[in-house]
>>> print(open('upload32.cif').read())   # mmCIF, C-alpha atoms; chains and numbers go by the auth columns
data_coords
#
loop_
_atom_site.group_PDB
_atom_site.id
_atom_site.type_symbol
_atom_site.label_atom_id
_atom_site.label_comp_id
_atom_site.label_asym_id
_atom_site.label_seq_id
_atom_site.Cartn_x
_atom_site.Cartn_y
_atom_site.Cartn_z
_atom_site.B_iso_or_equiv
_atom_site.auth_seq_id
_atom_site.auth_asym_id
ATOM 1 C CA ILE A 1 -10.682 -10.404 6.277 0.00 1 A
ATOM 2 C CA VAL A 2 -13.707 -10.730 8.568 0.00 2 A
ATOM 3 C CA GLU A 3 -14.103 -8.034 11.217 0.00 3 A
ATOM 4 C CA VAL A 4 -11.596 -8.396 14.043 0.00 4 A
ATOM 5 C CA GLU A 5 -10.465 -6.587 17.141 0.00 5 A
ATOM 6 C CA PRO A 6 -6.945 -5.937 18.523 0.00 6 A
ATOM 7 C CA THR A 7 -5.452 -8.312 21.049 0.00 7 A
ATOM 8 C CA THR A 8 -5.172 -6.580 24.429 0.00 8 A
ATOM 9 C CA GLY A 9 -1.795 -4.946 24.947 0.00 9 A
ATOM 10 C CA SER A 10 -0.511 -5.912 21.508 0.00 10 A
ATOM 11 C CA ARG A 11 0.147 -2.446 20.102 0.00 11 A
ATOM 12 C CA LYS A 12 3.816 -1.611 19.573 0.00 12 A
ATOM 13 C CA ASN A 13 5.797 1.436 18.589 0.00 13 A
ATOM 14 C CA ILE A 14 6.153 1.895 14.833 0.00 14 A
ATOM 15 C CA THR A 15 9.741 3.119 15.228 0.00 15 A
ATOM 16 C CA ARG A 16 12.710 0.879 15.959 0.00 16 A
ATOM 17 C CA ASP A 17 12.771 -1.278 19.064 0.00 17 A
ATOM 18 C CA ASN A 18 15.750 0.015 21.053 0.00 18 A
ATOM 19 C CA ALA A 19 15.741 -3.152 23.149 0.00 19 A
ATOM 20 C CA LYS A 20 16.955 -5.088 20.121 0.00 20 A
ATOM 21 C CA LYS A 21 20.649 -5.287 19.382 0.00 21 A
ATOM 22 C CA PRO A 22 21.375 -3.357 16.166 0.00 22 A
ATOM 23 C CA PRO A 23 22.792 -5.484 13.370 0.00 23 A
ATOM 24 C CA LYS A 24 26.415 -4.848 12.406 0.00 24 A
ATOM 25 C CA ASP A 25 25.974 -5.711 8.751 0.00 25 A
ATOM 26 C CA GLY A 26 24.657 -2.702 6.917 0.00 26 A
ATOM 27 C CA CYS A 27 25.418 0.612 5.301 0.00 27 A
ATOM 28 C CA CYS A 28 24.580 4.279 5.715 0.00 28 A
ATOM 29 C CA ALA A 29 22.007 6.089 3.598 0.00 29 A
ATOM 30 C CA TRP A 30 20.607 9.557 3.075 0.00 30 A
ATOM 31 C CA GLY A 31 17.570 10.663 1.121 0.00 31 A
ATOM 32 C CA ASP A 32 15.017 7.991 0.230 0.00 32 A
ATOM 33 C CA HIS A 33 16.837 5.139 2.024 0.00 33 A
ATOM 34 C CA THR A 34 16.432 2.717 -0.871 0.00 34 A
ATOM 35 C CA HIS A 35 20.141 2.175 -1.508 0.00 35 A
ATOM 36 C CA CYS A 36 23.525 2.311 0.164 0.00 36 A
ATOM 37 C CA ALA A 37 24.854 5.844 -0.176 0.00 37 A
ATOM 38 C CA LYS A 38 27.460 6.919 -2.697 0.00 38 A
ATOM 39 C CA PRO A 39 30.560 8.513 -1.104 0.00 39 A
ATOM 40 C CA TYR A 40 29.509 12.072 -2.048 0.00 40 A
ATOM 41 C CA GLU A 41 26.000 11.789 -0.567 0.00 41 A
ATOM 42 C CA SER A 42 27.227 12.121 3.013 0.00 42 A
ATOM 43 C CA CYS A 43 28.428 15.637 2.170 0.00 43 A
ATOM 44 C CA GLN A 44 24.895 16.743 1.285 0.00 44 A
ATOM 45 C CA THR A 45 23.979 16.957 4.963 0.00 45 A
ATOM 46 C CA GLY A 46 26.088 20.082 5.392 0.00 46 A
ATOM 47 C CA LEU A 47 28.364 18.318 7.859 0.00 47 A
ATOM 48 C CA GLN A 48 32.091 18.353 7.307 0.00 48 A
ATOM 49 C CA GLY A 49 35.073 16.545 8.814 0.00 49 A
ATOM 50 C CA GLU A 50 34.711 12.812 9.280 0.00 50 A
ATOM 51 C CA CYS A 51 31.178 12.883 7.876 0.00 51 A
ATOM 52 C CA CYS A 52 32.451 14.104 4.524 0.00 52 A
ATOM 53 C CA SER A 53 35.966 12.724 4.342 0.00 53 A
ATOM 54 C CA GLY A 54 35.243 9.724 2.144 0.00 54 A
ATOM 55 C CA ASN A 55 37.282 7.581 4.514 0.00 55 A
ATOM 56 C CA THR A 56 34.743 7.107 7.279 0.00 56 A
ATOM 57 C CA LYS A 57 34.345 3.579 8.640 0.00 57 A
ATOM 58 C CA TRP A 58 30.601 3.458 8.761 0.00 58 A
ATOM 59 C CA SER A 59 28.713 1.890 11.646 0.00 59 A
ATOM 60 C CA LEU A 60 25.254 2.522 13.037 0.00 60 A
ATOM 61 C CA GLU A 61 26.664 5.053 15.517 0.00 61 A
ATOM 62 C CA ALA A 62 28.776 6.869 12.915 0.00 62 A
ATOM 63 C CA CYS A 63 25.880 6.910 10.457 0.00 63 A
ATOM 64 C CA GLU A 64 23.439 8.493 12.903 0.00 64 A
ATOM 65 C CA LYS A 65 26.077 11.002 14.063 0.00 65 A
ATOM 66 C CA CYS A 66 26.333 12.150 10.438 0.00 66 A
ATOM 67 C CA LYS A 67 22.539 12.465 10.070 0.00 67 A
ATOM 68 C CA GLY A 68 22.190 9.288 8.043 0.00 68 A
ATOM 69 C CA GLU A 69 20.054 6.219 8.575 0.00 69 A
ATOM 70 C CA TRP A 70 21.217 2.606 8.772 0.00 70 A
ATOM 71 C CA ILE A 71 20.124 0.062 6.162 0.00 71 A
ATOM 72 C CA VAL A 72 20.346 -3.522 7.384 0.00 72 A
ATOM 73 C CA LEU A 73 22.013 -5.896 4.915 0.00 73 A
ATOM 74 C CA PRO A 74 21.018 -8.147 3.320 0.00 74 A
ATOM 75 C CA GLN A 75 17.811 -6.190 2.825 0.00 75 A
ATOM 76 C CA LYS A 76 14.578 -8.161 2.572 0.00 76 A
ATOM 77 C CA MET A 77 12.171 -7.246 -0.214 0.00 77 A
ATOM 78 C CA CYS A 78 9.500 -5.881 2.149 0.00 78 A
ATOM 79 C CA ASP A 79 12.099 -3.755 3.968 0.00 79 A
ATOM 80 C CA THR A 80 13.215 -1.921 0.824 0.00 80 A
ATOM 81 C CA GLY A 81 13.023 1.804 1.494 0.00 81 A
ATOM 82 C CA HIS A 82 13.019 1.344 5.277 0.00 82 A
ATOM 83 C CA SER A 83 15.954 1.967 7.585 0.00 83 A
ATOM 84 C CA TRP A 84 16.803 0.655 11.075 0.00 84 A
ATOM 85 C CA GLU A 85 15.565 3.978 12.459 0.00 85 A
ATOM 86 C CA LYS A 86 12.324 3.939 10.429 0.00 86 A
ATOM 87 C CA PRO A 87 11.315 0.295 9.931 0.00 87 A
ATOM 88 C CA LEU A 88 8.236 -1.008 8.197 0.00 88 A
ATOM 89 C CA PRO A 89 5.296 0.026 10.425 0.00 89 A
ATOM 90 C CA HIS A 90 4.177 -2.683 12.824 0.00 90 A
ATOM 91 C CA ILE A 91 0.701 -4.127 12.407 0.00 91 A
ATOM 92 C CA SER A 92 -0.961 -5.076 15.674 0.00 92 A
ATOM 93 C CA ASP A 93 -1.786 -8.702 16.342 0.00 93 A
ATOM 94 C CA TYR A 94 -5.452 -9.527 15.833 0.00 94 A
ATOM 95 C CA LYS A 95 -7.855 -12.250 16.870 0.00 95 A
ATOM 96 C CA PRO A 96 -11.444 -12.974 15.731 0.00 96 A
ATOM 97 C CA SER A 97 -14.036 -10.917 17.585 0.00 97 A
ATOM 98 C CA GLY A 98 -16.428 -13.806 18.107 0.00 98 A
ATOM 99 C CA THR A 99 -17.127 -17.317 16.889 0.00 99 A
ATOM 100 C CA LYS A 100 -15.163 -18.969 14.122 0.00 100 A
ATOM 101 C CA HIS A 101 -15.923 -17.536 10.689 0.00 101 A
ATOM 102 C CA ASN A 102 -16.372 -19.906 7.770 0.00 102 A
ATOM 103 C CA THR A 103 -17.068 -17.355 5.058 0.00 103 A
ATOM 104 C CA LYS A 104 -14.423 -17.286 2.350 0.00 104 A
ATOM 105 C CA VAL A 105 -13.859 -14.262 0.143 0.00 105 A
ATOM 106 C CA ARG A 106 -11.925 -13.690 -3.072 0.00 106 A
ATOM 107 C CA VAL A 107 -10.204 -10.344 -3.592 0.00 107 A
ATOM 108 C CA LEU A 108 -8.656 -8.755 -6.683 0.00 108 A
ATOM 109 C CA SER A 109 -6.242 -5.822 -6.628 0.00 109 A
ATOM 110 C CA TYR A 110 -5.539 -4.428 -10.099 0.00 110 A
ATOM 111 C CA ASN A 111 -3.571 -1.345 -11.217 0.00 111 A
ATOM 112 C CA LEU A 112 -5.134 -0.525 -14.577 0.00 112 A
ATOM 113 C CA PHE A 113 -2.470 1.984 -15.729 0.00 113 A
ATOM 114 C CA TRP A 114 -5.383 3.959 -17.149 0.00 114 A
ATOM 115 C CA TRP A 115 -3.201 6.614 -18.772 0.00 115 A
ATOM 116 C CA LYS A 116 -1.628 3.971 -21.015 0.00 116 A
ATOM 117 C CA LEU A 117 -4.137 1.146 -21.377 0.00 117 A
ATOM 118 C CA PHE A 118 -7.170 3.357 -22.006 0.00 118 A
ATOM 119 C CA GLU A 119 -5.918 6.829 -22.950 0.00 119 A
ATOM 120 C CA LYS A 120 -3.040 5.680 -25.176 0.00 120 A
ATOM 121 C CA MET A 121 -4.245 2.249 -26.306 0.00 121 A
ATOM 122 C CA GLY A 122 -8.002 2.850 -26.328 0.00 122 A
ATOM 123 C CA GLY A 123 -8.633 -0.031 -23.953 0.00 123 A
ATOM 124 C CA ASN A 124 -6.706 -2.563 -26.052 0.00 124 A
ATOM 125 C CA GLY A 125 -9.855 -4.375 -27.054 0.00 125 A
ATOM 126 C CA GLY A 126 -11.068 -4.746 -23.476 0.00 126 A
ATOM 127 C CA SER A 127 -7.980 -6.740 -22.469 0.00 127 A
ATOM 128 C CA ALA A 128 -8.220 -5.880 -18.759 0.00 128 A
ATOM 129 C CA GLY A 129 -11.835 -7.021 -18.557 0.00 129 A
ATOM 130 C CA LYS A 130 -11.114 -10.199 -20.506 0.00 130 A
ATOM 131 C CA LEU A 131 -8.281 -11.038 -18.133 0.00 131 A
ATOM 132 C CA MET A 132 -10.607 -10.567 -15.155 0.00 132 A
ATOM 133 C CA LYS A 133 -13.312 -12.695 -16.763 0.00 133 A
ATOM 134 C CA ALA A 134 -10.876 -15.552 -17.296 0.00 134 A
ATOM 135 C CA ALA A 135 -9.568 -15.303 -13.722 0.00 135 A
ATOM 136 C CA ALA A 136 -13.109 -15.418 -12.287 0.00 136 A
ATOM 137 C CA ALA A 137 -14.374 -18.254 -14.493 0.00 137 A
ATOM 138 C CA LYS A 138 -14.477 -20.815 -11.670 0.00 138 A
ATOM 139 C CA ILE A 139 -14.726 -18.677 -8.531 0.00 139 A
ATOM 140 C CA PRO A 140 -16.113 -15.101 -8.670 0.00 140 A
ATOM 141 C CA PHE A 141 -14.420 -12.164 -7.006 0.00 141 A
ATOM 142 C CA ASP A 142 -16.138 -10.661 -3.972 0.00 142 A
ATOM 143 C CA PHE A 143 -14.187 -7.406 -3.706 0.00 143 A
ATOM 144 C CA ILE A 144 -12.116 -5.586 -6.336 0.00 144 A
ATOM 145 C CA GLY A 145 -9.702 -2.743 -5.694 0.00 145 A
ATOM 146 C CA PHE A 146 -8.665 -0.832 -8.836 0.00 146 A
ATOM 147 C CA GLN A 147 -5.795 1.648 -8.825 0.00 147 A
ATOM 148 C CA GLU A 148 -5.342 4.282 -11.564 0.00 148 A
ATOM 149 C CA CYS A 149 -9.011 3.832 -12.404 0.00 149 A
ATOM 150 C CA MET A 150 -11.262 6.391 -14.098 0.00 150 A
ATOM 151 C CA GLN A 151 -14.367 4.407 -15.111 0.00 151 A
ATOM 152 C CA PRO A 152 -14.861 1.182 -13.142 0.00 152 A
ATOM 153 C CA TYR A 153 -18.007 0.144 -14.993 0.00 153 A
ATOM 154 C CA ARG A 154 -16.153 0.246 -18.308 0.00 154 A
ATOM 155 C CA VAL A 155 -13.776 -2.446 -17.062 0.00 155 A
ATOM 156 C CA LEU A 156 -16.578 -4.428 -15.413 0.00 156 A
ATOM 157 C CA TYR A 157 -18.591 -4.290 -18.650 0.00 157 A
ATOM 158 C CA ASP A 158 -15.662 -5.695 -20.620 0.00 158 A
ATOM 159 C CA ALA A 159 -15.505 -8.507 -18.048 0.00 159 A
ATOM 160 C CA GLY A 160 -19.248 -9.179 -18.220 0.00 160 A
ATOM 161 C CA MET A 161 -19.541 -8.238 -14.531 0.00 161 A
ATOM 162 C CA ASP A 162 -21.233 -4.837 -14.704 0.00 162 A
ATOM 163 C CA LYS A 163 -24.637 -6.179 -13.577 0.00 163 A
ATOM 164 C CA ASP A 164 -23.133 -8.175 -10.704 0.00 164 A
ATOM 165 C CA PHE A 165 -21.105 -5.420 -9.036 0.00 165 A
ATOM 166 C CA TRP A 166 -21.646 -2.104 -7.299 0.00 166 A
ATOM 167 C CA ALA A 167 -18.711 0.202 -8.074 0.00 167 A
ATOM 168 C CA TRP A 168 -17.396 3.452 -6.596 0.00 168 A
ATOM 169 C CA HIS A 169 -14.890 5.872 -8.142 0.00 169 A
ATOM 170 C CA THR A 170 -13.128 8.321 -5.783 0.00 170 A
ATOM 171 C CA ASN A 171 -11.667 11.760 -6.501 0.00 171 A
ATOM 172 C CA GLN A 172 -8.147 10.287 -6.494 0.00 172 A
ATOM 173 C CA ASN A 173 -8.908 7.662 -9.174 0.00 173 A
ATOM 174 C CA ILE A 174 -9.157 4.759 -6.754 0.00 174 A
ATOM 175 C CA CYS A 175 -12.088 2.435 -7.439 0.00 175 A
ATOM 176 C CA ILE A 176 -13.795 -0.249 -5.378 0.00 176 A
ATOM 177 C CA ALA A 177 -16.227 -2.853 -6.728 0.00 177 A
ATOM 178 C CA ILE A 178 -18.376 -5.186 -4.612 0.00 178 A
ATOM 179 C CA ARG A 179 -20.329 -8.296 -5.723 0.00 179 A
ATOM 180 C CA THR A 180 -23.830 -7.369 -4.646 0.00 180 A
ATOM 181 C CA LYS A 181 -25.338 -10.864 -4.710 0.00 181 A
ATOM 182 C CA ALA A 182 -23.295 -11.766 -1.643 0.00 182 A
ATOM 183 C CA TRP A 183 -22.562 -8.402 0.019 0.00 183 A
ATOM 184 C CA LYS A 184 -24.264 -5.126 0.842 0.00 184 A
ATOM 185 C CA VAL A 185 -22.472 -1.838 1.515 0.00 185 A
ATOM 186 C CA LEU A 186 -23.050 -0.370 4.973 0.00 186 A
ATOM 187 C CA LYS A 187 -20.649 2.592 4.877 0.00 187 A
ATOM 188 C CA LYS A 188 -17.934 4.047 2.671 0.00 188 A
ATOM 189 C CA GLY A 189 -15.364 6.815 2.866 0.00 189 A
ATOM 190 C CA GLU A 190 -11.951 8.057 1.808 0.00 190 A
ATOM 191 C CA LYS A 191 -9.104 10.039 3.327 0.00 191 A
ATOM 192 C CA ILE A 192 -5.857 11.554 2.031 0.00 192 A
ATOM 193 C CA VAL A 193 -3.093 9.478 3.619 0.00 193 A
ATOM 194 C CA ALA A 194 0.036 10.317 1.598 0.00 194 A
ATOM 195 C CA ASN A 195 1.643 12.674 -0.892 0.00 195 A
ATOM 196 C CA ASP A 196 4.257 11.909 -3.561 0.00 196 A
ATOM 197 C CA GLN A 197 7.749 13.301 -3.087 0.00 197 A
ATOM 198 C CA GLN A 198 8.812 16.367 -5.054 0.00 198 A
ATOM 199 C CA LYS A 199 10.893 14.444 -7.556 0.00 199 A
ATOM 200 C CA LYS A 200 10.844 14.795 -11.332 0.00 200 A
ATOM 201 C CA GLY A 201 8.589 12.214 -12.917 0.00 201 A
ATOM 202 C CA GLN A 202 7.560 10.893 -9.494 0.00 202 A
ATOM 203 C CA ASN A 203 5.110 13.523 -8.263 0.00 203 A
ATOM 204 C CA PHE A 204 1.461 12.907 -9.096 0.00 204 A
ATOM 205 C CA GLY A 205 0.010 14.533 -6.009 0.00 205 A
ATOM 206 C CA GLN A 206 -1.966 13.169 -3.107 0.00 206 A
ATOM 207 C CA ARG A 207 -2.807 9.535 -2.411 0.00 207 A
ATOM 208 C CA THR A 208 -6.010 8.380 -0.797 0.00 208 A
ATOM 209 C CA GLY A 209 -7.191 5.415 1.201 0.00 209 A
ATOM 210 C CA ALA A 210 -10.735 4.460 0.136 0.00 210 A
ATOM 211 C CA TRP A 211 -12.743 2.053 2.282 0.00 211 A
ATOM 212 C CA VAL A 212 -16.069 0.279 2.564 0.00 212 A
ATOM 213 C CA GLN A 213 -17.746 -1.592 5.386 0.00 213 A
ATOM 214 C CA LEU A 214 -19.701 -4.577 4.104 0.00 214 A
ATOM 215 C CA GLN A 215 -22.128 -7.158 5.433 0.00 215 A
ATOM 216 C CA HIS A 216 -22.635 -10.658 4.090 0.00 216 A
ATOM 217 C CA ARG A 217 -26.264 -11.132 3.033 0.00 217 A
ATOM 218 C CA LYS A 218 -26.578 -14.655 4.462 0.00 218 A
ATOM 219 C CA THR A 219 -24.277 -14.829 7.488 0.00 219 A
ATOM 220 C CA ASN A 220 -24.411 -11.107 8.488 0.00 220 A
ATOM 221 C CA GLU A 221 -20.631 -11.164 8.943 0.00 221 A
ATOM 222 C CA THR A 222 -18.972 -7.786 8.412 0.00 222 A
ATOM 223 C CA VAL A 223 -15.832 -6.882 6.514 0.00 223 A
ATOM 224 C CA PHE A 224 -13.716 -3.735 6.342 0.00 224 A
ATOM 225 C CA PHE A 225 -12.105 -3.446 2.888 0.00 225 A
ATOM 226 C CA MET A 226 -9.666 -0.683 1.926 0.00 226 A
ATOM 227 C CA ASN A 227 -7.954 0.183 -1.359 0.00 227 A
ATOM 228 C CA HIS A 228 -4.818 2.335 -1.646 0.00 228 A
ATOM 229 C CA HIS A 229 -2.308 3.354 -4.301 0.00 229 A
ATOM 230 C CA GLY A 230 1.031 3.855 -2.553 0.00 230 A
ATOM 231 C CA PRO A 231 2.917 7.137 -2.936 0.00 231 A
ATOM 232 C CA LEU A 232 6.056 7.583 -5.037 0.00 232 A
ATOM 233 C CA PRO A 233 8.936 6.899 -5.140 0.00 233 A
ATOM 234 C CA LEU A 234 8.345 3.220 -4.446 0.00 234 A
ATOM 235 C CA SER A 235 8.752 2.019 -0.855 0.00 235 A
ATOM 236 C CA THR A 236 9.389 5.516 0.544 0.00 236 A
ATOM 237 C CA GLY A 237 5.995 6.497 1.946 0.00 237 A
ATOM 238 C CA GLY A 238 6.199 9.681 -0.130 0.00 238 A
ATOM 239 C CA GLN A 239 6.681 13.071 1.500 0.00 239 A
ATOM 240 C CA TRP A 240 5.165 11.964 4.800 0.00 240 A
ATOM 241 C CA GLY A 241 7.085 8.691 5.170 0.00 241 A
ATOM 242 C CA GLY A 242 6.002 5.098 5.640 0.00 242 A
ATOM 243 C CA PRO A 243 4.836 5.267 9.279 0.00 243 A
ATOM 244 C CA ALA A 244 2.579 8.255 8.562 0.00 244 A
ATOM 245 C CA THR A 245 1.103 6.605 5.481 0.00 245 A
#
>>> encode(input="upload32.cif", output="structure tokens")
Amino acid sequence: IVEVEPTTGSRKNITRDNAKKPPKDGCCAWGDHTHCAKPYESCQTGLQGECCSGNTKWSLEACEKCKGEWIVLPQKMCDTGHSWEKPLPHISDYKPSGTKHNTKVRVLSYNLFWWKLFEKMGGNGGSAGKLMKAAAAKIPFDFIGFQECMQPYRVLYDAGMDKDFWAWHTNQNICIAIRTKAWKVLKKGEKIVANDQQKKGQNFGQRTGAWVQLQHRKTNETVFFMNHHGPLPLSTGGQWGGPAT
């Protein structure tokens, strides 16, 4: 969590590594790549013949020839929604930028489901704040990332933390809260990084990445903290796809 820098020469391509031997166990998929395709889905590509016969013996080569993408089986939880052609984006290897850091931080990520908990249930007696208060009874949180958040100080007040935290609400209802006794905010910003797919009940517009750069008041160590609500449908990367997001 402390500020780091990339290891020299560690950056890799976010698409598949063609040097690796493709796995034989898998299935072909079209669309959002979250499930093995039904027989009729291969016909939606507009291709005919063997791609739409219902009798195709699917392999990686046959799948790509018919404009599909290969799902490796068994599929790991973190790979859900990602194909062999478009794997989960690679994160570069990192190493500390200087001396060993001893500062420990505690982070909370919390989707408040504001539309239900606050708009439909009236806050449910401050249940979200009470849950946070109980969780922080022994060790306080340093950074909090709220998703589906309209009024961060309302939740912090219910938790008895409103005087201990600086909070920021973005235009896309992403909120960040920082414990000011230990940290000071140096910079902040946000950027649109994704857009939900045009699917019924799954399209709520653009998704932002909100960030803050922080400095510890005693050690002067710096931290980059970002909060993001992923686009819908789940594990798809939205309209722009996982690598773009």
>>> closest_residue(input="upload32.cif", among="A:Arg179, A:Arg106, A:Arg154, A:Lys86", to="A:Lys138", atoms="all atoms listed in the file")
A:Arg106
>>> closest_residue(input="upload32.cif", among="A:Ala159, A:Asn55, A:Lys200, A:Ala210", to="A:Asn171", atoms="only C-alpha atoms")
A:Ala210
>>> closest_residue(input="upload32.cif", among="A:Met132, A:Cys43, A:Met226, A:Cys28", to="A:Gln213", atoms="all atoms listed in the file")
A:Met226
>>> residues_around(input="upload32.cif", residues="A:Leu108", least_positions_apart="4", cutoff="12 Å", atoms="all atoms listed in the file", output="list of chain:residue names")
A:Leu112, A:Leu131, A:Met132, A:Lys133, A:Ala135, A:Ala136, A:Ile139, A:Pro140, A:Phe141, A:Asp142, A:Phe143, A:Ile144, A:Gly145, A:Phe146, A:Gln147, A:Cys175, A:Ile176, A:Ala177, A:Ile178, A:Arg179, A:Phe225, A:Met226, A:Asn227
>>> write_last_selection(input="upload32.cif", atoms="C-alpha atoms", output="PDB file, keeping the file's coordinate frame")
ATOM      1  CA  LEU A 112      -5.134  -0.525 -14.577  1.00  0.00           C
ATOM      2  CA  LEU A 131      -8.281 -11.038 -18.133  1.00  0.00           C
ATOM      3  CA  MET A 132     -10.607 -10.567 -15.155  1.00  0.00           C
ATOM      4  CA  LYS A 133     -13.312 -12.695 -16.763  1.00  0.00           C
ATOM      5  CA  ALA A 135      -9.568 -15.303 -13.722  1.00  0.00           C
ATOM      6  CA  ALA A 136     -13.109 -15.418 -12.287  1.00  0.00           C
ATOM      7  CA  ILE A 139     -14.726 -18.677  -8.531  1.00  0.00           C
ATOM      8  CA  PRO A 140     -16.113 -15.101  -8.670  1.00  0.00           C
ATOM      9  CA  PHE A 141     -14.420 -12.164  -7.006  1.00  0.00           C
ATOM     10  CA  ASP A 142     -16.138 -10.661  -3.972  1.00  0.00           C
ATOM     11  CA  PHE A 143     -14.187  -7.406  -3.706  1.00  0.00           C
ATOM     12  CA  ILE A 144     -12.116  -5.586  -6.336  1.00  0.00           C
ATOM     13  CA  GLY A 145      -9.702  -2.743  -5.694  1.00  0.00           C
ATOM     14  CA  PHE A 146      -8.665  -0.832  -8.836  1.00  0.00           C
ATOM     15  CA  GLN A 147      -5.795   1.648  -8.825  1.00  0.00           C
ATOM     16  CA  CYS A 175     -12.088   2.435  -7.439  1.00  0.00           C
ATOM     17  CA  ILE A 176     -13.795  -0.249  -5.378  1.00  0.00           C
ATOM     18  CA  ALA A 177     -16.227  -2.853  -6.728  1.00  0.00           C
ATOM     19  CA  ILE A 178     -18.376  -5.186  -4.612  1.00  0.00           C
ATOM     20  CA  ARG A 179     -20.329  -8.296  -5.723  1.00  0.00           C
ATOM     21  CA  PHE A 225     -12.105  -3.446   2.888  1.00  0.00           C
ATOM     22  CA  MET A 226      -9.666  -0.683   1.926  1.00  0.00           C
ATOM     23  CA  ASN A 227      -7.954   0.183  -1.359  1.00  0.00           C
TER      24      ASN A 227
END
>>> resolve_selection(input="upload32.cif", expression="the PyMOL selection byres ((chain A and resi 188) around 6)", output="list in words")
Lys187, Gly189, Trp211 and Val212 of chain A
>>> resolve_selection(input="upload32.cif", expression="the PyMOL selection byres ((chain A and resi 117) around 12)", output="ChimeraX atom specification")
/A:111-116,118-129,148-150,155
>>> closest_residue(input="upload32.cif", among="A:Lys130, A:Cys63, A:Pro243, A:Gln172", to="A:Tyr157", atoms="only C-alpha atoms")
A:Lys130
>>> closest_residue(input="upload32.cif", among="A:Ala37, A:Cys66, A:Leu234, A:Ala182", to="A:Asp79", atoms="only C-alpha atoms")
A:Leu234
>>> atom_distance(input="upload32.cif", atom1="atom CA of A:Gly26", atom2="atom CA of A:Val72")
4.4 Å
>>> closest_residue(input="upload32.cif", among="A:Ser42, A:Thr236, A:Asn173, A:Thr245", to="A:Ala62", atoms="only C-alpha atoms")
A:Ser42
>>> atom_distance(input="upload32.cif", atom1="atom CA of A:Asp25", atom2="atom CA of A:Leu73")
5.5 Å
>>> atom_distance(input="upload32.cif", atom1="atom CA of A:Ile71", atom2="atom CA of A:Ala29")
6.8 Å
>>> resolve_selection(input="upload32.cif", expression="the PyMOL selection byres ((chain A and resi 65) around 12)", output="list in words")
Cys28, Ser42, Thr45, Leu47, Gln48, Gly49, Glu50, Cys51, Cys52, Thr56, Trp58, Ser59, Leu60, Glu61, Ala62, Cys63, Glu64, Cys66, Lys67, Gly68, Glu69 and Trp70 of chain A
>>> decode(input="upload32.cif", residues="stretch 124-128 of chain A", atoms="all heavy atoms", output="mmCIF file, in the first residue's frame")
data_model
loop_
_atom_site.group_PDB
_atom_site.id
_atom_site.type_symbol
_atom_site.label_atom_id
_atom_site.label_comp_id
_atom_site.auth_asym_id
_atom_site.auth_seq_id
_atom_site.Cartn_x
_atom_site.Cartn_y
_atom_site.Cartn_z
ATOM 1 N N ASN A 124 -32.233 2.340 7.762
ATOM 2 C CA ASN A 124 -32.355 1.152 8.619
ATOM 3 C C ASN A 124 -31.754 1.380 10.005
ATOM 4 O O ASN A 124 -31.041 0.532 10.550
ATOM 5 C CB ASN A 124 -31.688 -0.053 7.934
ATOM 6 C CG ASN A 124 -32.050 -1.376 8.594
ATOM 7 O OD1 ASN A 124 -33.168 -1.555 9.074
ATOM 8 N ND2 ASN A 124 -31.104 -2.306 8.612
ATOM 9 N N GLY A 125 -32.059 2.542 10.552
ATOM 10 C CA GLY A 125 -31.594 2.825 11.909
ATOM 11 C C GLY A 125 -30.098 2.994 12.032
ATOM 12 O O GLY A 125 -29.512 2.753 13.101
ATOM 13 N N GLY A 126 -29.457 3.408 10.922
ATOM 14 C CA GLY A 126 -28.007 3.616 10.953
ATOM 15 C C GLY A 126 -27.224 2.319 10.981
ATOM 16 O O GLY A 126 -26.104 2.270 11.509
ATOM 17 N N SER A 127 -27.781 1.256 10.378
ATOM 18 C CA SER A 127 -27.158 -0.067 10.465
ATOM 19 C C SER A 127 -25.769 -0.119 9.842
ATOM 20 O O SER A 127 -24.871 -0.797 10.356
ATOM 21 C CB SER A 127 -28.064 -1.122 9.814
ATOM 22 O OG SER A 127 -28.288 -0.829 8.445
ATOM 23 N N ALA A 128 -25.556 0.589 8.732
ATOM 24 C CA ALA A 128 -24.239 0.572 8.092
ATOM 25 C C ALA A 128 -23.187 1.197 9.011
ATOM 26 O O ALA A 128 -22.090 0.658 9.186
ATOM 27 C CB ALA A 128 -24.285 1.310 6.753
#
